[in-house]
Amino acid sequence: MTSKEESILSGYIKQGWSLTDIECPICLTPLLKKGTKYFCGICNREIKIAEDIKEYLKFLEENIKNELREKVIRSLSLMIKDKDVLDEEIVRSIEIYIKLLKELKDL
């Protein structure tokens with residue numbers, strides 16, 4: 001671990017976070033814990049820890065839905081960007097993407 005990473009982690013420890021023996025799945029730095037929350041100070045993101053396979057599958061499903069939602073929204077944005085007029089094909093595609101977003105929400 002670099003001195004910069006140590007400095008970042010020590011800042012969190014001063015704020016009441018505890019260092020754990022669980023590594024971040026992204027950068028392999030030890031995770032910080034406060035209450036029931038796990039956090040990677042280096043990646044600057046909350047990390048969810050599954051207690052069992054059922055919870056793991058739930059987290060996995062949430063992540064897949066979020067990624068799909070983001071991709072659909074990004075595609076919609078690109079489709080209409082810099083367009084003064086939306087042709088019939090683009091309108092049909094937008095309708096399909098909106099329907100997909102609704103279905104993702106209902107899952």
# chains A, B, ... in the order shown; residues from 1 in each chain; ligands from 1
>>> residues_around(residues="A:Ile22", least_positions_apart="4", cutoff="9 Å", atoms="only C-alpha atoms", output="list in words")
Leu28, Thr29, Pro30, Leu31 and Leu32 of chain A
>>> select_by_dssp(residues="chain A", states="helix (DSSP H, G or I)", output="short mmCIF file (atom, residue, chain, number, x, y, z; two decimals) with N, CA and C atoms, in the first residue's frame")
data_model
loop_
_atom_site.label_atom_id
_atom_site.label_comp_id
_atom_site.auth_asym_id
_atom_site.auth_seq_id
_atom_site.Cartn_x
_atom_site.Cartn_y
_atom_site.Cartn_z
N SER A 3 1.97 5.31 0.47
CA SER A 3 1.77 6.26 1.58
C SER A 3 0.53 7.12 1.35
N LYS A 4 0.20 7.40 0.08
CA LYS A 4 -1.00 8.17 -0.23
C LYS A 4 -2.24 7.38 0.19
N GLU A 5 -2.26 6.08 -0.13
CA GLU A 5 -3.39 5.23 0.26
C GLU A 5 -3.50 5.12 1.78
N GLU A 6 -2.35 4.99 2.45
CA GLU A 6 -2.35 4.94 3.91
C GLU A 6 -2.90 6.23 4.50
N SER A 7 -2.55 7.34 3.89
CA SER A 7 -3.04 8.64 4.36
C SER A 7 -4.56 8.75 4.19
N ILE A 8 -5.07 8.27 3.05
CA ILE A 8 -6.51 8.30 2.80
C ILE A 8 -7.24 7.45 3.84
N LEU A 9 -6.74 6.23 4.05
CA LEU A 9 -7.38 5.32 5.00
C LEU A 9 -7.31 5.87 6.43
N SER A 10 -6.18 6.45 6.80
CA SER A 10 -6.07 6.99 8.16
C SER A 10 -7.04 8.15 8.37
N GLY A 11 -7.34 8.91 7.31
CA GLY A 11 -8.33 9.97 7.41
C GLY A 11 -9.70 9.42 7.74
N TYR A 12 -10.06 8.30 7.13
CA TYR A 12 -11.34 7.65 7.43
C TYR A 12 -11.35 7.09 8.84
N ILE A 13 -10.24 6.52 9.26
CA ILE A 13 -10.16 5.95 10.61
C ILE A 13 -10.36 7.07 11.65
N LYS A 14 -9.80 8.24 11.38
CA LYS A 14 -9.99 9.39 12.28
C LYS A 14 -11.45 9.82 12.33
N ILE A 53 -25.72 -16.68 -0.25
CA ILE A 53 -25.84 -16.74 -1.71
C ILE A 53 -27.09 -16.02 -2.20
N LYS A 54 -28.18 -16.10 -1.44
CA LYS A 54 -29.42 -15.43 -1.82
C LYS A 54 -29.22 -13.91 -1.88
N GLU A 55 -28.55 -13.38 -0.88
CA GLU A 55 -28.28 -11.94 -0.86
C GLU A 55 -27.31 -11.55 -1.98
N TYR A 56 -26.33 -12.41 -2.24
CA TYR A 56 -25.38 -12.16 -3.32
C TYR A 56 -26.10 -12.07 -4.67
N LEU A 57 -27.01 -13.01 -4.91
CA LEU A 57 -27.76 -13.02 -6.17
C LEU A 57 -28.64 -11.77 -6.28
N LYS A 58 -29.18 -11.32 -5.16
CA LYS A 58 -29.99 -10.09 -5.15
C LYS A 58 -29.12 -8.89 -5.54
N PHE A 59 -27.92 -8.78 -4.95
CA PHE A 59 -27.00 -7.69 -5.30
C PHE A 59 -26.63 -7.75 -6.77
N LEU A 60 -26.36 -8.96 -7.26
CA LEU A 60 -25.97 -9.15 -8.65
C LEU A 60 -27.09 -8.70 -9.58
N GLU A 61 -28.32 -9.08 -9.27
CA GLU A 61 -29.47 -8.69 -10.07
C GLU A 61 -29.64 -7.16 -10.09
N GLU A 62 -29.48 -6.53 -8.92
CA GLU A 62 -29.58 -5.07 -8.84
C GLU A 62 -28.53 -4.41 -9.73
N ASN A 63 -27.31 -4.91 -9.66
CA ASN A 63 -26.23 -4.34 -10.47
C ASN A 63 -26.50 -4.48 -11.96
N ILE A 64 -26.98 -5.64 -12.37
CA ILE A 64 -27.28 -5.86 -13.79
C ILE A 64 -28.38 -4.92 -14.26
N LYS A 65 -29.45 -4.79 -13.44
CA LYS A 65 -30.54 -3.87 -13.81
C LYS A 65 -30.04 -2.43 -13.88
N ASN A 66 -29.21 -2.02 -12.94
CA ASN A 66 -28.68 -0.65 -12.97
C ASN A 66 -27.81 -0.39 -14.19
N GLU A 67 -26.97 -1.36 -14.53
CA GLU A 67 -26.12 -1.22 -15.72
C GLU A 67 -26.95 -1.13 -16.99
N LEU A 68 -27.97 -2.00 -17.09
CA LEU A 68 -28.86 -1.96 -18.26
C LEU A 68 -29.57 -0.61 -18.36
N ARG A 69 -30.09 -0.14 -17.23
CA ARG A 69 -30.80 1.14 -17.19
C ARG A 69 -29.88 2.27 -17.67
N GLU A 70 -28.65 2.29 -17.17
CA GLU A 70 -27.69 3.32 -17.57
C GLU A 70 -27.39 3.25 -19.07
N LYS A 71 -27.24 2.04 -19.60
CA LYS A 71 -26.95 1.89 -21.03
C LYS A 71 -28.12 2.35 -21.89
N VAL A 72 -29.34 2.03 -21.45
CA VAL A 72 -30.52 2.44 -22.20
C VAL A 72 -30.62 3.96 -22.21
N ILE A 73 -30.42 4.58 -21.07
CA ILE A 73 -30.50 6.04 -20.97
C ILE A 73 -29.40 6.69 -21.80
N ARG A 74 -28.21 6.13 -21.76
CA ARG A 74 -27.10 6.66 -22.57
C ARG A 74 -27.41 6.54 -24.06
N SER A 75 -28.00 5.40 -24.46
CA SER A 75 -28.36 5.20 -25.86
C SER A 75 -29.43 6.19 -26.30
N LEU A 76 -30.42 6.40 -25.44
CA LEU A 76 -31.46 7.39 -25.75
C LEU A 76 -30.86 8.77 -25.93
N SER A 77 -29.98 9.11 -25.03
CA SER A 77 -29.34 10.42 -25.09
C SER A 77 -28.56 10.62 -26.38
N LEU A 78 -27.79 9.60 -26.76
CA LEU A 78 -27.02 9.67 -28.00
C LEU A 78 -27.92 9.75 -29.22
N MET A 79 -29.05 9.04 -29.15
CA MET A 79 -29.97 9.00 -30.28
C MET A 79 -30.56 10.37 -30.59
N ILE A 80 -30.88 11.13 -29.56
CA ILE A 80 -31.56 12.41 -29.78
C ILE A 80 -30.63 13.61 -29.73
N GLU A 88 -39.04 8.92 -38.01
CA GLU A 88 -39.92 7.85 -37.55
C GLU A 88 -39.14 6.70 -36.91
N GLU A 89 -38.00 6.37 -37.48
CA GLU A 89 -37.20 5.28 -36.95
C GLU A 89 -36.68 5.60 -35.54
N ILE A 90 -36.23 6.82 -35.34
CA ILE A 90 -35.74 7.23 -34.03
C ILE A 90 -36.88 7.22 -33.02
N VAL A 91 -38.05 7.70 -33.41
CA VAL A 91 -39.20 7.71 -32.50
C VAL A 91 -39.56 6.29 -32.10
N ARG A 92 -39.56 5.36 -33.04
CA ARG A 92 -39.84 3.94 -32.73
C ARG A 92 -38.80 3.39 -31.75
N SER A 93 -37.55 3.71 -32.00
CA SER A 93 -36.48 3.24 -31.11
C SER A 93 -36.65 3.82 -29.70
N ILE A 94 -37.00 5.09 -29.62
CA ILE A 94 -37.23 5.72 -28.32
C ILE A 94 -38.37 5.03 -27.59
N GLU A 95 -39.43 4.71 -28.30
CA GLU A 95 -40.57 4.01 -27.68
C GLU A 95 -40.14 2.66 -27.13
N ILE A 96 -39.31 1.96 -27.88
CA ILE A 96 -38.82 0.64 -27.43
C ILE A 96 -37.96 0.80 -26.18
N TYR A 97 -37.07 1.79 -26.18
CA TYR A 97 -36.21 2.01 -25.02
C TYR A 97 -37.03 2.40 -23.79
N ILE A 98 -38.04 3.23 -23.97
CA ILE A 98 -38.89 3.63 -22.84
C ILE A 98 -39.64 2.42 -22.30
N LYS A 99 -40.12 1.57 -23.19
CA LYS A 99 -40.80 0.35 -22.75
C LYS A 99 -39.83 -0.54 -21.96
N LEU A 100 -38.62 -0.64 -22.44
CA LEU A 100 -37.59 -1.44 -21.73
C LEU A 100 -37.33 -0.86 -20.34
N LEU A 101 -37.22 0.46 -20.24
CA LEU A 101 -36.99 1.09 -18.94
C LEU A 101 -38.14 0.78 -17.97
N LYS A 102 -39.36 0.82 -18.47
CA LYS A 102 -40.53 0.50 -17.62
C LYS A 102 -40.47 -0.94 -17.16
N GLU A 103 -40.11 -1.85 -18.06
CA GLU A 103 -40.02 -3.26 -17.69
C GLU A 103 -38.91 -3.50 -16.67
N LEU A 104 -37.80 -2.79 -16.82
CA LEU A 104 -36.72 -2.91 -15.84
C LEU A 104 -37.18 -2.43 -14.46
N LYS A 105 -37.96 -1.37 -14.47
CA LYS A 105 -38.46 -0.83 -13.21
C LYS A 105 -39.38 -1.82 -12.51
N ASP A 106 -40.15 -2.56 -13.29
CA ASP A 106 -41.12 -3.50 -12.73
C ASP A 106 -40.51 -4.83 -12.29
#
>>> atom_distance(atom1="atom CA of A:Met1", atom2="atom CA of A:Asn44")
16.0 Å
>>> atom_distance(atom1="atom CA of A:Glu51", atom2="atom CA of A:Gln15")
25.9 Å
>>> atom_distance(atom1="atom CA of A:Asp52", atom2="atom CA of A:Lys33")
18.7 Å
>>> decode(residues="chain A", atoms="C-alpha atoms", output="mmCIF file, in the first residue's frame")
data_model
loop_
_atom_site.group_PDB
_atom_site.id
_atom_site.type_symbol
_atom_site.label_atom_id
_atom_site.label_comp_id
_atom_site.auth_asym_id
_atom_site.auth_seq_id
_atom_site.Cartn_x
_atom_site.Cartn_y
_atom_site.Cartn_z
ATOM 1 C CA MET A 1 0.000 0.000 0.000
ATOM 2 C CA THR A 2 1.350 3.437 -0.916
ATOM 3 C CA SER A 3 1.770 6.261 1.581
ATOM 4 C CA LYS A 4 -1.003 8.166 -0.227
ATOM 5 C CA GLU A 5 -3.386 5.230 0.259
ATOM 6 C CA GLU A 6 -2.347 4.939 3.909
ATOM 7 C CA SER A 7 -3.039 8.644 4.356
ATOM 8 C CA ILE A 8 -6.513 8.301 2.796
ATOM 9 C CA LEU A 9 -7.384 5.324 5.000
ATOM 10 C CA SER A 10 -6.069 6.990 8.158
ATOM 11 C CA GLY A 11 -8.333 9.971 7.406
ATOM 12 C CA TYR A 12 -11.337 7.654 7.428
ATOM 13 C CA ILE A 13 -10.157 5.953 10.607
ATOM 14 C CA LYS A 14 -9.989 9.387 12.278
ATOM 15 C CA GLN A 15 -13.635 9.868 11.224
ATOM 16 C CA GLY A 16 -14.671 6.718 13.099
ATOM 17 C CA TRP A 17 -14.343 4.048 10.395
ATOM 18 C CA SER A 18 -12.702 0.733 11.322
ATOM 19 C CA LEU A 19 -10.280 -1.116 9.070
ATOM 20 C CA THR A 20 -11.422 -4.665 8.233
ATOM 21 C CA ASP A 21 -9.677 -7.759 6.923
ATOM 22 C CA ILE A 22 -12.010 -7.827 3.898
ATOM 23 C CA GLU A 23 -10.435 -6.607 0.649
ATOM 24 C CA CYS A 24 -12.110 -4.378 -1.916
ATOM 25 C CA PRO A 25 -13.049 -6.536 -4.930
ATOM 26 C CA ILE A 26 -11.833 -3.777 -7.242
ATOM 27 C CA CYS A 27 -8.537 -2.472 -5.819
ATOM 28 C CA LEU A 28 -7.805 -5.106 -3.136
ATOM 29 C CA THR A 29 -7.370 -2.460 -0.415
ATOM 30 C CA PRO A 30 -8.776 -3.350 3.024
ATOM 31 C CA LEU A 31 -12.355 -2.143 3.390
ATOM 32 C CA LEU A 32 -13.487 0.284 6.051
ATOM 33 C CA LYS A 33 -16.550 -0.366 8.183
ATOM 34 C CA LYS A 34 -18.863 1.918 10.116
ATOM 35 C CA GLY A 35 -21.995 0.362 11.591
ATOM 36 C CA THR A 36 -23.242 -2.037 8.915
ATOM 37 C CA LYS A 37 -21.706 -0.080 6.014
ATOM 38 C CA TYR A 38 -18.578 -1.202 4.187
ATOM 39 C CA PHE A 39 -16.631 1.372 2.185
ATOM 40 C CA CYS A 40 -13.511 1.471 0.041
ATOM 41 C CA GLY A 41 -11.647 4.673 0.764
ATOM 42 C CA ILE A 42 -9.461 4.265 -2.309
ATOM 43 C CA CYS A 43 -12.266 3.604 -4.812
ATOM 44 C CA ASN A 44 -14.500 6.019 -2.871
ATOM 45 C CA ARG A 45 -17.528 3.749 -3.035
ATOM 46 C CA GLU A 46 -19.739 1.716 -0.766
ATOM 47 C CA ILE A 47 -19.230 -2.014 -1.084
ATOM 48 C CA LYS A 48 -22.103 -4.359 -0.342
ATOM 49 C CA ILE A 49 -21.179 -7.525 1.497
ATOM 50 C CA ALA A 50 -23.512 -10.483 0.984
ATOM 51 C CA GLU A 51 -24.220 -12.650 4.012
ATOM 52 C CA ASP A 52 -25.353 -15.613 1.904
ATOM 53 C CA ILE A 53 -25.839 -16.739 -1.709
ATOM 54 C CA LYS A 54 -29.420 -15.431 -1.825
ATOM 55 C CA GLU A 55 -28.282 -11.937 -0.864
ATOM 56 C CA TYR A 56 -25.377 -12.157 -3.322
ATOM 57 C CA LEU A 57 -27.757 -13.016 -6.170
ATOM 58 C CA LYS A 58 -29.991 -10.093 -5.152
ATOM 59 C CA PHE A 59 -27.005 -7.693 -5.299
ATOM 60 C CA LEU A 60 -25.973 -9.153 -8.652
ATOM 61 C CA GLU A 61 -29.475 -8.686 -10.070
ATOM 62 C CA GLU A 62 -29.582 -5.073 -8.841
ATOM 63 C CA ASN A 63 -26.225 -4.338 -10.465
ATOM 64 C CA ILE A 64 -27.278 -5.861 -13.794
ATOM 65 C CA LYS A 65 -30.539 -3.868 -13.810
ATOM 66 C CA ASN A 66 -28.684 -0.648 -12.966
ATOM 67 C CA GLU A 67 -26.120 -1.218 -15.719
ATOM 68 C CA LEU A 68 -28.858 -1.962 -18.256
ATOM 69 C CA ARG A 69 -30.797 1.139 -17.189
ATOM 70 C CA GLU A 70 -27.690 3.317 -17.574
ATOM 71 C CA LYS A 71 -26.949 1.892 -21.028
ATOM 72 C CA VAL A 72 -30.524 2.441 -22.203
ATOM 73 C CA ILE A 73 -30.502 6.036 -20.971
ATOM 74 C CA ARG A 74 -27.101 6.664 -22.565
ATOM 75 C CA SER A 75 -28.359 5.197 -25.863
ATOM 76 C CA LEU A 76 -31.463 7.392 -25.748
ATOM 77 C CA SER A 77 -29.340 10.424 -25.086
ATOM 78 C CA LEU A 78 -27.016 9.673 -27.996
ATOM 79 C CA MET A 79 -29.965 8.996 -30.276
ATOM 80 C CA ILE A 80 -31.561 12.409 -29.782
ATOM 81 C CA LYS A 81 -28.413 14.461 -29.287
ATOM 82 C CA ASP A 82 -27.996 17.207 -31.879
ATOM 83 C CA LYS A 83 -31.216 16.247 -33.677
ATOM 84 C CA ASP A 84 -33.560 19.071 -34.624
ATOM 85 C CA VAL A 85 -36.115 16.632 -35.991
ATOM 86 C CA LEU A 86 -36.720 13.056 -34.896
ATOM 87 C CA ASP A 87 -37.500 10.758 -37.792
ATOM 88 C CA GLU A 88 -39.923 7.848 -37.549
ATOM 89 C CA GLU A 89 -37.198 5.275 -36.947
ATOM 90 C CA ILE A 90 -35.741 7.226 -34.030
ATOM 91 C CA VAL A 91 -39.202 7.714 -32.504
ATOM 92 C CA ARG A 92 -39.842 3.945 -32.725
ATOM 93 C CA SER A 93 -36.483 3.240 -31.111
ATOM 94 C CA ILE A 94 -37.228 5.720 -28.321
ATOM 95 C CA GLU A 95 -40.571 4.014 -27.681
ATOM 96 C CA ILE A 96 -38.819 0.644 -27.435
ATOM 97 C CA TYR A 97 -36.213 2.010 -25.023
ATOM 98 C CA ILE A 98 -38.893 3.629 -22.844
ATOM 99 C CA LYS A 99 -40.803 0.347 -22.749
ATOM 100 C CA LEU A 100 -37.591 -1.436 -21.729
ATOM 101 C CA LEU A 101 -36.994 1.086 -18.939
ATOM 102 C CA LYS A 102 -40.526 0.503 -17.620
ATOM 103 C CA GLU A 103 -40.019 -3.258 -17.694
ATOM 104 C CA LEU A 104 -36.721 -2.911 -15.840
ATOM 105 C CA LYS A 105 -38.461 -0.825 -13.206
ATOM 106 C CA ASP A 106 -41.125 -3.503 -12.731
ATOM 107 C CA LEU A 107 -38.620 -6.367 -12.315
#
